[in-house]
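Visitor: The file below is upload-v6.csv, CSV, C-alpha atoms (C1' of nucleotides):
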```
chain,number,residue,atom,x,y,z
K,1,MET,CA,29.0,-90.8,-42.1
K,2,THR,CA,26.1,-89.8,-44.3
K,3,GLN,CA,28.3,-89.0,-47.3
K,4,ALA,CA,29.6,-91.7,-49.6
K,5,ARG,CA,31.2,-91.9,-53.0
K,6,TRP,CA,29.1,-94.4,-54.8
K,7,LEU,CA,30.5,-97.2,-57.0
K,8,ASP,CA,30.7,-96.3,-60.6
K,9,SER,CA,29.6,-98.9,-63.2
K,10,ARG,CA,33.0,-100.5,-63.5
K,11,GLU,CA,33.4,-100.8,-59.7
K,12,GLN,CA,29.9,-102.2,-59.5
K,13,ALA,CA,30.8,-104.9,-62.1
K,14,VAL,CA,33.9,-105.8,-60.0
K,15,TRP,CA,31.9,-105.8,-56.8
K,16,ARG,CA,29.0,-107.9,-58.1
K,17,GLY,CA,31.4,-110.3,-59.7
K,18,PHE,CA,33.3,-110.7,-56.5
K,19,LEU,CA,30.2,-111.3,-54.5
K,20,THR,CA,28.8,-113.9,-56.9
K,21,ALA,CA,32.1,-115.7,-57.4
K,22,THR,CA,33.0,-116.0,-53.8
K,23,GLY,CA,29.5,-116.6,-52.6
K,24,SER,CA,28.7,-119.3,-55.1
K,25,PHE,CA,32.1,-120.9,-54.9
K,26,MET,CA,32.0,-121.2,-51.1
K,27,GLU,CA,28.4,-122.4,-51.1
K,28,ASN,CA,29.4,-125.0,-53.6
K,29,LEU,CA,32.3,-126.2,-51.4
K,30,ASP,CA,30.1,-126.3,-48.3
K,31,ARG,CA,27.4,-128.3,-50.0
K,32,GLN,CA,29.9,-130.8,-51.3
K,33,MET,CA,31.3,-131.3,-47.9
K,34,GLN,CA,27.9,-131.6,-46.3
K,35,ARG,CA,26.6,-134.0,-48.9
K,36,ASP,CA,29.7,-136.3,-49.1
K,37,SER,CA,30.8,-136.2,-45.5
K,38,GLY,CA,27.9,-135.0,-43.5
K,39,MET,CA,29.6,-132.0,-41.9
K,40,PRO,CA,29.9,-128.3,-42.7
K,41,LEU,CA,33.1,-127.0,-44.3
K,42,ALA,CA,33.9,-125.1,-41.1
K,43,TYR,CA,34.1,-128.4,-39.1
K,44,PHE,CA,36.3,-130.0,-41.8
K,45,GLU,CA,38.6,-127.0,-41.4
K,46,ILE,CA,38.9,-127.6,-37.7
K,47,LEU,CA,39.9,-131.3,-38.3
K,48,ALA,CA,42.3,-130.3,-41.0
K,49,VAL,CA,44.1,-127.7,-38.9
K,50,LEU,CA,44.3,-130.1,-35.9
K,51,SER,CA,45.7,-132.8,-38.1
K,52,GLU,CA,48.7,-130.7,-39.1
K,53,MET,CA,49.7,-129.8,-35.5
K,54,PRO,CA,52.2,-131.7,-33.4
K,55,GLY,CA,50.2,-134.1,-31.3
K,56,ARG,CA,47.2,-133.3,-33.4
K,57,SER,CA,46.1,-130.9,-30.7
K,58,LEU,CA,45.9,-127.2,-30.2
K,59,ARG,CA,44.7,-124.7,-27.6
K,60,MET,CA,41.2,-123.6,-28.3
K,61,SER,CA,42.1,-120.0,-28.8
K,62,GLU,CA,44.8,-120.7,-31.3
K,63,LEU,CA,42.6,-123.1,-33.1
K,64,ALA,CA,39.9,-120.4,-33.3
K,65,ALA,CA,42.4,-118.0,-34.7
K,66,MET,CA,43.6,-120.4,-37.4
K,67,CYS,CA,40.1,-121.2,-38.4
K,68,ARG,CA,39.0,-117.5,-38.4
K,69,SER,CA,36.4,-118.4,-35.9
K,70,SER,CA,35.1,-116.8,-32.7
K,71,ARG,CA,35.9,-118.5,-29.5
K,72,SER,CA,32.2,-119.1,-28.9
K,73,ARG,CA,31.7,-120.7,-32.3
K,74,LEU,CA,34.7,-122.9,-31.9
K,75,SER,CA,33.5,-124.0,-28.5
K,76,HIS,CA,30.1,-125.0,-29.9
K,77,ALA,CA,31.7,-126.7,-32.9
K,78,VAL,CA,34.2,-128.7,-30.8
K,79,SER,CA,31.3,-129.8,-28.6
K,80,ARG,CA,29.6,-131.2,-31.6
K,81,LEU,CA,32.8,-132.8,-32.9
K,82,GLU,CA,33.3,-134.3,-29.5
K,83,GLU,CA,29.9,-135.8,-29.6
K,84,ALA,CA,30.8,-137.4,-32.9
K,85,GLY,CA,33.9,-138.8,-31.3
K,86,TRP,CA,36.2,-137.0,-33.7
K,87,VAL,CA,37.8,-134.6,-31.3
K,88,LYS,CA,38.4,-134.7,-27.6
K,89,ARG,CA,39.2,-132.0,-25.1
K,90,ARG,CA,42.2,-132.1,-22.8
K,91,ALA,CA,43.0,-129.9,-19.8
K,92,CYS,CA,46.1,-127.7,-20.0
K,93,GLU,CA,48.6,-128.2,-17.2
K,94,SER,CA,50.5,-124.9,-17.3
K,95,ASP,CA,47.3,-122.8,-17.6
K,96,LYS,CA,44.3,-124.1,-15.8
K,97,ARG,CA,42.0,-122.0,-17.8
K,98,GLY,CA,43.2,-123.6,-20.9
K,99,GLN,CA,41.8,-126.4,-23.0
K,100,PHE,CA,43.4,-128.4,-25.8
K,101,ALA,CA,41.3,-129.8,-28.6
K,102,GLU,CA,42.8,-133.1,-29.9
K,103,LEU,CA,42.0,-135.0,-33.0
K,104,THR,CA,41.1,-138.6,-32.3
K,105,ASP,CA,41.9,-141.5,-34.6
K,106,ALA,CA,38.3,-141.7,-35.6
K,107,GLY,CA,38.5,-138.0,-36.5
K,108,PHE,CA,41.6,-138.5,-38.5
K,109,ALA,CA,40.0,-141.3,-40.4
K,110,VAL,CA,37.0,-139.1,-41.2
K,111,LEU,CA,39.4,-136.4,-42.3
K,112,GLU,CA,41.4,-138.7,-44.6
K,113,LYS,CA,38.2,-139.9,-46.2
K,114,ALA,CA,36.8,-136.4,-46.8
K,115,ALA,CA,39.9,-134.7,-47.9
K,116,PRO,CA,40.3,-136.0,-51.5
K,117,ASP,CA,36.9,-134.9,-52.7
K,118,HIS,CA,37.4,-131.6,-51.0
K,119,VAL,CA,40.7,-131.0,-52.7
K,120,ASN,CA,39.4,-132.1,-56.0
K,121,THR,CA,36.5,-129.7,-55.7
K,122,VAL,CA,38.8,-126.8,-54.9
K,123,ARG,CA,41.1,-127.8,-57.7
K,124,ARG,CA,38.4,-128.1,-60.3
K,125,HIS,CA,36.6,-124.9,-59.4
K,126,LEU,CA,39.5,-122.7,-58.5
K,127,PHE,CA,42.9,-123.7,-59.8
K,128,ASP,CA,41.7,-125.4,-63.0
K,129,VAL,CA,39.8,-122.3,-64.1
K,130,LEU,CA,42.7,-119.8,-63.4
K,131,THR,CA,45.9,-119.4,-65.2
K,132,PRO,CA,49.1,-119.5,-63.2
K,133,GLU,CA,49.3,-115.7,-63.6
K,134,GLN,CA,45.8,-115.3,-62.3
K,135,GLN,CA,46.7,-117.5,-59.3
K,136,ASP,CA,49.6,-115.2,-58.5
K,137,GLN,CA,47.3,-112.2,-58.9
K,138,LEU,CA,44.8,-113.7,-56.6
K,139,GLU,CA,47.4,-114.2,-54.0
K,140,GLN,CA,48.5,-110.6,-54.2
K,141,ILE,CA,44.9,-109.4,-54.1
K,142,SER,CA,44.2,-111.6,-51.0
K,143,ALA,CA,47.2,-110.3,-49.3
K,144,ALA,CA,46.2,-106.7,-49.9
K,145,ILE,CA,42.7,-107.2,-48.6
K,146,ILE,CA,44.0,-109.0,-45.5
K,147,LYS,CA,46.5,-106.2,-44.9
K,148,GLY,CA,43.8,-103.6,-45.2
K,149,LEU,CA,41.6,-105.5,-42.8
K,150,THR,CA,43.8,-106.1,-39.8
K,151,PRO,CA,45.0,-102.5,-39.2
K,152,GLU,CA,41.3,-101.7,-39.0
K,153,CYS,CA,40.8,-103.8,-35.9
K,154,ASP,CA,44.0,-102.5,-34.4
K,155,SER,CA,43.1,-98.9,-34.9
K,156,ALA,CA,39.6,-99.4,-33.7
K,157,LYS,CA,40.9,-101.1,-30.6
K,158,THR,CA,43.4,-98.3,-29.8
K,159,GLU,CA,40.6,-95.7,-30.4
K,160,LEU,CA,38.4,-97.5,-27.9
K,161,GLU,CA,41.2,-97.6,-25.4
K,162,ALA,CA,41.9,-93.9,-25.8
K,163,GLU,CA,38.2,-93.1,-25.5
K,164,PHE,CA,38.1,-95.2,-22.4
K,165,ARG,CA,41.1,-93.5,-20.8
K,166,SER,CA,39.7,-90.0,-21.5
K,167,ALA,CA,36.3,-91.1,-20.2
K,168,ARG,CA,37.9,-92.2,-17.0
K,169,ALA,CA,40.1,-89.1,-16.7
K,170,SER,CA,37.1,-86.8,-17.0
K,171,GLY,CA,34.7,-89.0,-14.9
E,172,MET,CA,37.2,-140.5,-56.1
E,173,THR,CA,39.8,-141.6,-53.6
E,174,GLN,CA,42.7,-140.2,-55.5
E,175,ALA,CA,43.5,-136.5,-55.4
E,176,ARG,CA,46.4,-134.4,-56.6
E,177,TRP,CA,47.2,-132.5,-53.4
E,178,LEU,CA,48.0,-128.8,-53.4
E,179,ASP,CA,51.6,-127.9,-53.6
E,180,SER,CA,53.0,-125.2,-51.3
E,181,ARG,CA,52.4,-122.4,-53.7
E,182,GLU,CA,48.8,-123.5,-54.3
E,183,GLN,CA,48.3,-123.8,-50.5
E,184,ALA,CA,49.4,-120.2,-50.1
E,185,VAL,CA,47.0,-119.1,-52.7
E,186,TRP,CA,44.2,-121.1,-51.2
E,187,ARG,CA,44.8,-120.1,-47.6
E,188,GLY,CA,45.1,-116.4,-48.6
E,189,PHE,CA,41.9,-116.6,-50.6
E,190,LEU,CA,40.0,-118.2,-47.6
E,191,THR,CA,41.3,-115.7,-45.1
E,192,ALA,CA,40.7,-112.7,-47.3
E,193,THR,CA,37.2,-113.5,-48.4
E,194,GLY,CA,36.2,-114.9,-45.1
E,195,SER,CA,37.5,-112.0,-43.0
E,196,PHE,CA,36.3,-109.4,-45.4
E,197,MET,CA,32.8,-110.8,-45.6
E,198,GLU,CA,32.6,-111.2,-41.9
E,199,ASN,CA,33.7,-107.6,-41.5
E,200,LEU,CA,31.0,-106.4,-43.9
E,201,ASP,CA,28.3,-108.5,-42.2
E,202,ARG,CA,29.3,-107.2,-38.7
E,203,GLN,CA,29.3,-103.6,-39.9
E,204,MET,CA,25.8,-104.0,-41.2
E,205,GLN,CA,24.5,-105.8,-38.2
E,206,ARG,CA,26.0,-103.3,-35.8
E,207,ASP,CA,25.0,-100.1,-37.7
E,208,SER,CA,21.7,-101.1,-39.1
E,209,GLY,CA,20.6,-104.1,-37.1
E,210,MET,CA,20.3,-106.5,-40.0
E,211,PRO,CA,22.4,-109.1,-41.7
E,212,LEU,CA,24.1,-108.3,-44.9
E,213,ALA,CA,21.9,-110.8,-46.8
E,214,TYR,CA,18.8,-108.8,-45.8
E,215,PHE,CA,20.4,-105.6,-46.9
E,216,GLU,CA,21.1,-107.2,-50.3
E,217,ILE,CA,17.4,-108.1,-50.6
E,218,LEU,CA,16.4,-104.5,-50.0
E,219,ALA,CA,19.0,-103.2,-52.4
E,220,VAL,CA,18.0,-105.5,-55.2
E,221,LEU,CA,14.4,-104.6,-54.8
E,222,SER,CA,15.1,-100.9,-54.8
E,223,GLU,CA,16.6,-101.1,-58.3
E,224,MET,CA,13.6,-102.9,-59.8
E,225,PRO,CA,10.7,-101.1,-61.6
E,226,GLY,CA,7.9,-100.8,-59.1
E,227,ARG,CA,10.5,-101.8,-56.4
E,228,SER,CA,9.1,-105.3,-56.6
E,229,LEU,CA,10.1,-108.7,-58.0
E,230,ARG,CA,8.9,-112.2,-58.1
E,231,MET,CA,10.3,-114.3,-55.2
E,232,SER,CA,12.2,-116.7,-57.5
E,233,GLU,CA,13.9,-114.0,-59.4
E,234,LEU,CA,14.7,-112.2,-56.2
E,235,ALA,CA,16.2,-115.4,-54.9
E,236,ALA,CA,18.3,-115.8,-58.0
E,237,MET,CA,19.6,-112.3,-57.9
E,238,CYS,CA,20.6,-112.7,-54.2
E,239,ARG,CA,22.2,-116.1,-54.8
E,240,SER,CA,19.7,-117.4,-52.2
E,241,SER,CA,17.7,-120.5,-52.0
E,242,ARG,CA,13.9,-120.1,-52.2
E,243,SER,CA,13.5,-121.3,-48.7
E,244,ARG,CA,16.0,-118.9,-47.3
E,245,LEU,CA,14.4,-116.0,-49.2
E,246,SER,CA,11.0,-117.0,-48.0
E,247,HIS,CA,12.1,-116.9,-44.4
E,248,ALA,CA,14.0,-113.7,-44.9
E,249,VAL,CA,11.0,-111.9,-46.6
E,250,SER,CA,8.8,-113.0,-43.7
E,251,ARG,CA,11.2,-111.3,-41.3
E,252,LEU,CA,11.4,-108.2,-43.4
E,253,GLU,CA,7.6,-108.1,-43.7
E,254,GLU,CA,7.4,-108.2,-39.9
E,255,ALA,CA,9.7,-105.3,-39.8
E,256,GLY,CA,7.4,-103.5,-42.3
E,257,TRP,CA,10.2,-103.1,-44.9
E,258,VAL,CA,8.8,-105.4,-47.5
E,259,LYS,CA,5.3,-106.7,-48.3
E,260,ARG,CA,4.1,-109.5,-50.3
E,261,ARG,CA,1.7,-109.2,-53.2
E,262,ALA,CA,-0.1,-111.9,-55.2
E,263,CYS,CA,0.6,-112.3,-58.8
E,264,GLU,CA,-2.4,-112.0,-61.2
E,265,SER,CA,-1.1,-113.9,-64.2
E,266,ASP,CA,0.3,-116.9,-62.1
E,267,LYS,CA,-1.6,-117.7,-59.0
E,268,ARG,CA,1.3,-119.6,-57.6
E,269,GLY,CA,3.4,-116.5,-57.7
E,270,GLN,CA,4.2,-113.9,-55.2
E,271,PHE,CA,5.8,-110.5,-55.5
E,272,ALA,CA,8.1,-109.0,-52.9
E,273,GLU,CA,7.7,-105.2,-52.8
E,274,LEU,CA,9.9,-102.7,-51.0
E,275,THR,CA,7.8,-100.4,-48.8
E,276,ASP,CA,8.6,-96.7,-48.2
E,277,ALA,CA,9.9,-97.6,-44.7
E,278,GLY,CA,12.1,-100.2,-46.3
E,279,PHE,CA,13.5,-97.8,-48.8
E,280,ALA,CA,14.2,-95.3,-46.0
E,281,VAL,CA,16.1,-98.0,-44.0
E,282,LEU,CA,18.0,-98.9,-47.1
E,283,GLU,CA,19.0,-95.2,-47.8
E,284,LYS,CA,20.2,-94.9,-44.3
E,285,ALA,CA,22.3,-98.0,-44.3
E,286,ALA,CA,23.8,-97.7,-47.8
E,287,PRO,CA,26.4,-95.1,-47.3
E,288,ASP,CA,28.2,-96.9,-44.4
E,289,HIS,CA,28.0,-100.1,-46.4
E,290,VAL,CA,29.5,-98.5,-49.5
E,291,ASN,CA,32.2,-96.8,-47.5
E,292,THR,CA,33.2,-100.1,-45.9
E,293,VAL,CA,33.3,-101.8,-49.3
E,294,ARG,CA,35.4,-99.0,-50.7
E,295,ARG,CA,37.8,-98.8,-47.8
E,296,HIS,CA,38.4,-102.6,-47.6
E,297,LEU,CA,38.3,-103.5,-51.2
E,298,PHE,CA,38.8,-100.8,-53.7
E,299,ASP,CA,41.1,-98.6,-51.7
E,300,VAL,CA,43.5,-101.5,-51.1
E,301,LEU,CA,43.7,-102.6,-54.7
E,302,THR,CA,45.3,-100.9,-57.7
E,303,PRO,CA,43.1,-100.4,-60.8
E,304,GLU,CA,45.0,-103.2,-62.4
E,305,GLN,CA,44.2,-105.5,-59.5
E,306,GLN,CA,40.6,-104.6,-59.7
E,307,ASP,CA,40.5,-105.6,-63.3
E,308,GLN,CA,42.3,-108.8,-62.5
E,309,LEU,CA,39.8,-109.5,-59.7
E,310,GLU,CA,36.9,-109.1,-62.2
E,311,GLN,CA,38.6,-111.5,-64.6
E,312,ILE,CA,39.2,-114.0,-61.9
E,313,SER,CA,35.7,-113.8,-60.6
E,314,ALA,CA,34.3,-114.3,-64.1
E,315,ALA,CA,36.5,-117.4,-64.6
E,316,ILE,CA,35.3,-118.9,-61.3
E,317,ILE,CA,31.7,-118.2,-62.1
E,318,LYS,CA,32.0,-119.7,-65.5
E,319,GLY,CA,33.6,-122.8,-64.0
E,320,LEU,CA,30.8,-123.1,-61.5
E,321,THR,CA,27.7,-122.9,-63.6
E,322,PRO,CA,28.5,-125.6,-66.2
E,323,GLU,CA,29.0,-127.8,-63.2
E,324,CYS,CA,25.4,-127.5,-62.2
E,325,ASP,CA,24.2,-127.9,-65.7
E,326,SER,CA,26.1,-131.0,-66.4
E,327,ALA,CA,25.1,-132.5,-63.0
E,328,LYS,CA,21.5,-131.8,-63.9
E,329,THR,CA,21.7,-133.4,-67.3
E,330,GLU,CA,23.5,-136.3,-65.9
E,331,LEU,CA,20.8,-136.8,-63.3
E,332,GLU,CA,18.2,-136.6,-66.1
E,333,ALA,CA,20.0,-139.1,-68.2
E,334,GLU,CA,20.3,-141.4,-65.3
E,335,PHE,CA,16.6,-141.0,-64.5
E,336,ARG,CA,15.6,-141.7,-68.0
E,337,SER,CA,17.7,-144.9,-68.3
E,338,ALA,CA,16.3,-146.0,-64.9
E,339,ARG,CA,12.8,-145.6,-66.1
E,340,ALA,CA,13.6,-147.3,-69.4
E,341,SER,CA,15.0,-150.4,-67.6
E,342,GLY,CA,12.5,-150.5,-64.8
C,343,DG,C1',49.1,-111.8,0.0
C,344,DC,C1',45.2,-108.8,-2.0
C,345,DG,C1',42.4,-106.5,-5.2
C,346,DG,C1',41.7,-105.3,-9.7
C,347,DT,C1',42.0,-106.2,-14.6
C,348,DG,C1',42.3,-109.0,-18.4
C,349,DA,C1',42.4,-113.6,-20.7
C,350,DA,C1',40.5,-118.5,-21.7
C,351,DG,C1',36.4,-120.9,-22.4
C,352,DT,C1',31.7,-122.0,-21.8
C,353,DT,C1',26.8,-121.3,-21.9
C,354,DG,C1',22.0,-120.1,-23.3
C,355,DA,C1',19.1,-117.5,-25.9
C,356,DG,C1',17.9,-115.6,-30.1
C,357,DA,C1',18.4,-115.3,-35.1
C,358,DG,C1',19.5,-117.2,-39.7
C,359,DT,C1',20.2,-121.2,-42.8
C,360,DT,C1',19.4,-125.8,-44.6
C,361,DC,C1',16.9,-129.6,-45.9
C,362,DA,C1',13.0,-132.2,-46.9
C,363,DA,C1',8.3,-132.4,-47.2
C,364,DC,C1',4.2,-130.2,-48.5
C,365,DT,C1',0.4,-127.3,-51.0
C,366,DA,C1',-1.2,-125.4,-55.0
C,367,DT,C1',-1.0,-124.1,-59.6
C,368,DG,C1',0.6,-124.2,-64.6
C,369,DG,C1',1.3,-126.9,-68.9
C,370,DG,C1',2.0,-130.5,-72.1
C,371,DG,C1',0.7,-134.7,-74.1
C,372,DT,C1',-2.9,-138.2,-75.2
S,373,DA,C1',-11.0,-133.5,-70.1
S,374,DC,C1',-7.4,-136.0,-67.7
S,375,DC,C1',-3.0,-137.4,-66.0
S,376,DC,C1',1.5,-136.5,-65.1
S,377,DC,C1',5.1,-133.8,-64.0
S,378,DA,C1',7.3,-129.4,-63.3
S,379,DT,C1',7.3,-124.9,-61.1
S,380,DA,C1',6.4,-121.4,-57.2
S,381,DG,C1',6.4,-120.8,-52.8
S,382,DT,C1',5.9,-122.0,-47.8
S,383,DT,C1',6.6,-124.5,-43.6
S,384,DG,C1',8.8,-126.8,-39.5
S,385,DA,C1',12.5,-129.1,-37.6
S,386,DA,C1',17.3,-129.5,-37.0
S,387,DC,C1',21.4,-127.3,-37.1
S,388,DT,C1',24.8,-123.4,-37.0
S,389,DC,C1',26.2,-119.0,-35.7
S,390,DT,C1',26.2,-114.7,-33.0
S,391,DC,C1',26.0,-112.0,-29.0
S,392,DA,C1',26.2,-111.1,-24.4
S,393,DA,C1',26.8,-112.8,-19.9
S,394,DC,C1',29.2,-115.7,-16.8
S,395,DT,C1',33.0,-118.6,-14.5
S,396,DT,C1',37.5,-119.5,-13.7
S,397,DC,C1',42.2,-118.5,-13.6
S,398,DA,C1',46.6,-115.7,-14.5
S,399,DC,C1',49.1,-111.6,-13.9
S,400,DC,C1',50.4,-107.1,-12.1
S,401,DG,C1',51.0,-103.5,-8.8
S,402,DC,C1',50.8,-102.2,-4.2
```
Please go through the file and, once you have read it, give me the structure as structure tokens.

Guide:
Amino acid sequence: MTQARWLDSREQAVWRGFLTATGSFMENLDRQMQRDSGMPLAYFEILAVLSEMPGRSLRMSELAAMCRSSRSRLSHAVSRLEEAGWVKRRACESDKRGQFAELTDAGFAVLEKAAPDHVNTVRRHLFDVLTPEQQDQLEQISAAIIKGLTPECDSAKTELEAEFRSARASG
Amino acid sequence: MTQARWLDSREQAVWRGFLTATGSFMENLDRQMQRDSGMPLAYFEILAVLSEMPGRSLRMSELAAMCRSSRSRLSHAVSRLEEAGWVKRRACESDKRGQFAELTDAGFAVLEKAAPDHVNTVRRHLFDVLTPEQQDQLEQISAAIIKGLTPECDSAKTELEAEFRSARASG
DNA sequence: GCGGTGAAGTTGAGAGTTCAACTATGGGGT
DNA sequence: ACCCCATAGTTGAACTCTCAACTTCACCGC
């Protein structure tokens, strides 16, 4: 892949705008959370997801998927949150490999305290600056990007599998 | 700020979509760069920005601004890139505090080799999945977010200054 | 039941980022 | 000329993240 169709000036404008907007916006959110609640945004998301689950607990893998996090990253993060006393691990009966992450009362309290500022920041910097039409457009655009992303991994996976099978067949 | 107007279900859909789309998309880009060129996307951006400057060099602060990076982060990054031989530092004559970061020939070669795959990835996962109308919408949305972000910092800054002045006046 | 393969999680090392402190220089006011 | 403060940039420590092993357990075919 040494050939590429470069971005024209309009595409560059879209691309740079996208980078700046998402980058600065997320950095802003992360800083706000770190400053006001002493934890990175990613950790807040873990608490938030857990709080919405029945029993306030979830298997590690599912939690990782919902937080768009690798298993390794989540494991480290939960270890940290466990040290803070905001989450605790629980063994899974039906699958002895499994672990549940469960939000503690202390964790829930921290979440409740951090949430309003977070929501306000999101509202001020995202929803307040966009018209309802733009919000709908953003949802459509997000959906399109996500849709274009997931088949990527699937096809890559099946390619790898095919390659592996042929390698085994010829080896 | 203990009160907050929560997100309704439509807003939550927009918000979660935005998080997933931008998060997964950027992670994908970063992985591609790391895998194919052995450097994080942020480092590629530094090389790219430098390559477009006259003399392929720029003051550290301006480079940081164009990469949406803190000065500290850039300093660490340039140190790494210097070890790799892709960038070198140069003293500034007119301001003895200043430093220039300059792209080396080796750095330019690495950039040229990495760029096509990067552009292709951006095209495949962003431009190819959006209609021209959506691309325009995305540009508008990005502009609105950026505009809503920068006044924030300005007003916070002036507030701090005002606070500081009154504190000095009364102290 | 046994062996092989894949899935669930964890771990440690290495790399990048953040934050606060620090050095050194520029610039304005008196 | 001097003082004060702002600016430019660096540094080290603490923290987070990534990547590649590694352990343990589940599942499937024989």

Visitor: Could you give me, as a tab-separated table, a per-residue list for chain K showing, wherever an atom lies at most 12 Å from an atom of chain S, the closest pair of atoms and their distance in Å to one decimal, using all atoms listed in the file and sorting by chain then residue number from low to high?

Guide:
```
residue	atom	partner	partner_atom	distance
K:Gly38	CA	S:DC387	C1'	11.9
K:Met39	CA	S:DC387	C1'	10.6
K:Pro40	CA	S:DT388	C1'	9.1
K:Leu41	CA	S:DT388	C1'	11.6
K:Ala42	CA	S:DT388	C1'	10.1
K:Tyr43	CA	S:DT388	C1'	10.8
K:Ser69	CA	S:DC389	C1'	10.2
K:Ser70	CA	S:DT390	C1'	9.1
K:Arg71	CA	S:DT390	C1'	11.0
K:Ser72	CA	S:DT390	C1'	8.5
K:Arg73	CA	S:DC389	C1'	6.7
K:Leu74	CA	S:DC389	C1'	10.1
K:Ser75	CA	S:DC389	C1'	11.4
K:His76	CA	S:DT388	C1'	9.0
K:Ala77	CA	S:DT388	C1'	8.7
K:Arg80	CA	S:DC387	C1'	10.6
K:Cys92	CA	S:DC397	C1'	11.9
K:Ser94	CA	S:DA398	C1'	10.4
K:Asp95	CA	S:DC397	C1'	7.8
K:Lys96	CA	S:DC397	C1'	6.4
K:Arg97	CA	S:DC397	C1'	5.5
K:Gly98	CA	S:DC397	C1'	9.0
```

Visitor: Please indicate the distance in Å from CA of Ser57 in chain K to CA of Ala101 in chain K, rounded to one decimal place.

Guide: 5.4 Å

Visitor: Quick one: which chain C residues come within 10 Å of chain E, and what is the nearest atom pair for each with the distance in Å to one decimal, counting all atoms listed in the file, rows ordered by chain and ascending number, as CSV?

Guide:
```
residue,atom,partner,partner_atom,distance
C:DA357,C1',E:Pro211,CA,9.9
C:DG358,C1',E:Ala248,CA,8.3
C:DT359,C1',E:Arg244,CA,6.6
C:DT360,C1',E:Arg244,CA,8.2
C:DC361,C1',E:Ser243,CA,9.4
C:DA366,C1',E:Arg268,CA,6.8
C:DT367,C1',E:Arg268,CA,5.4
C:DG368,C1',E:Asp266,CA,7.7
```

Visitor: At a cut-off of 8 Å, list the chain K residues touching chain E, using only C-alpha atoms, as a PyMOL selection string.

Guide: chain K and resi 1-7+13-14+17-18+20-25+68+113+116-117+119-120+125-126+129-130+134-139+141-146+148-149

Visitor: Between CA of Leu218 in chain E and CA of Phe279 in chain E, measure the distance and give it in Å to one decimal.

Guide: 7.4 Å

Visitor: Which distance in Å separates CA of Thr275 in chain E and CA of Arg227 in chain E, to one decimal?

Guide: 8.2 Å

Visitor: Do a neighbour search on Ala106 in chain K at 12 Å with only C-alpha atoms (C1' of nucleotides), toss out local chain neighbours closer than 2 positions, and write the hits as a list in words.

Guide: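 Residues near the query, excluding close chain neighbours: Leu47, Ser51, Leu81, Glu82, Glu83, Ala84, Gly85, Trp86, Val87, Lys88, Glu102, Leu103, Thr104, Phe108, Ala109, Val110, Leu111, Glu112 and Lys113 of chain K.
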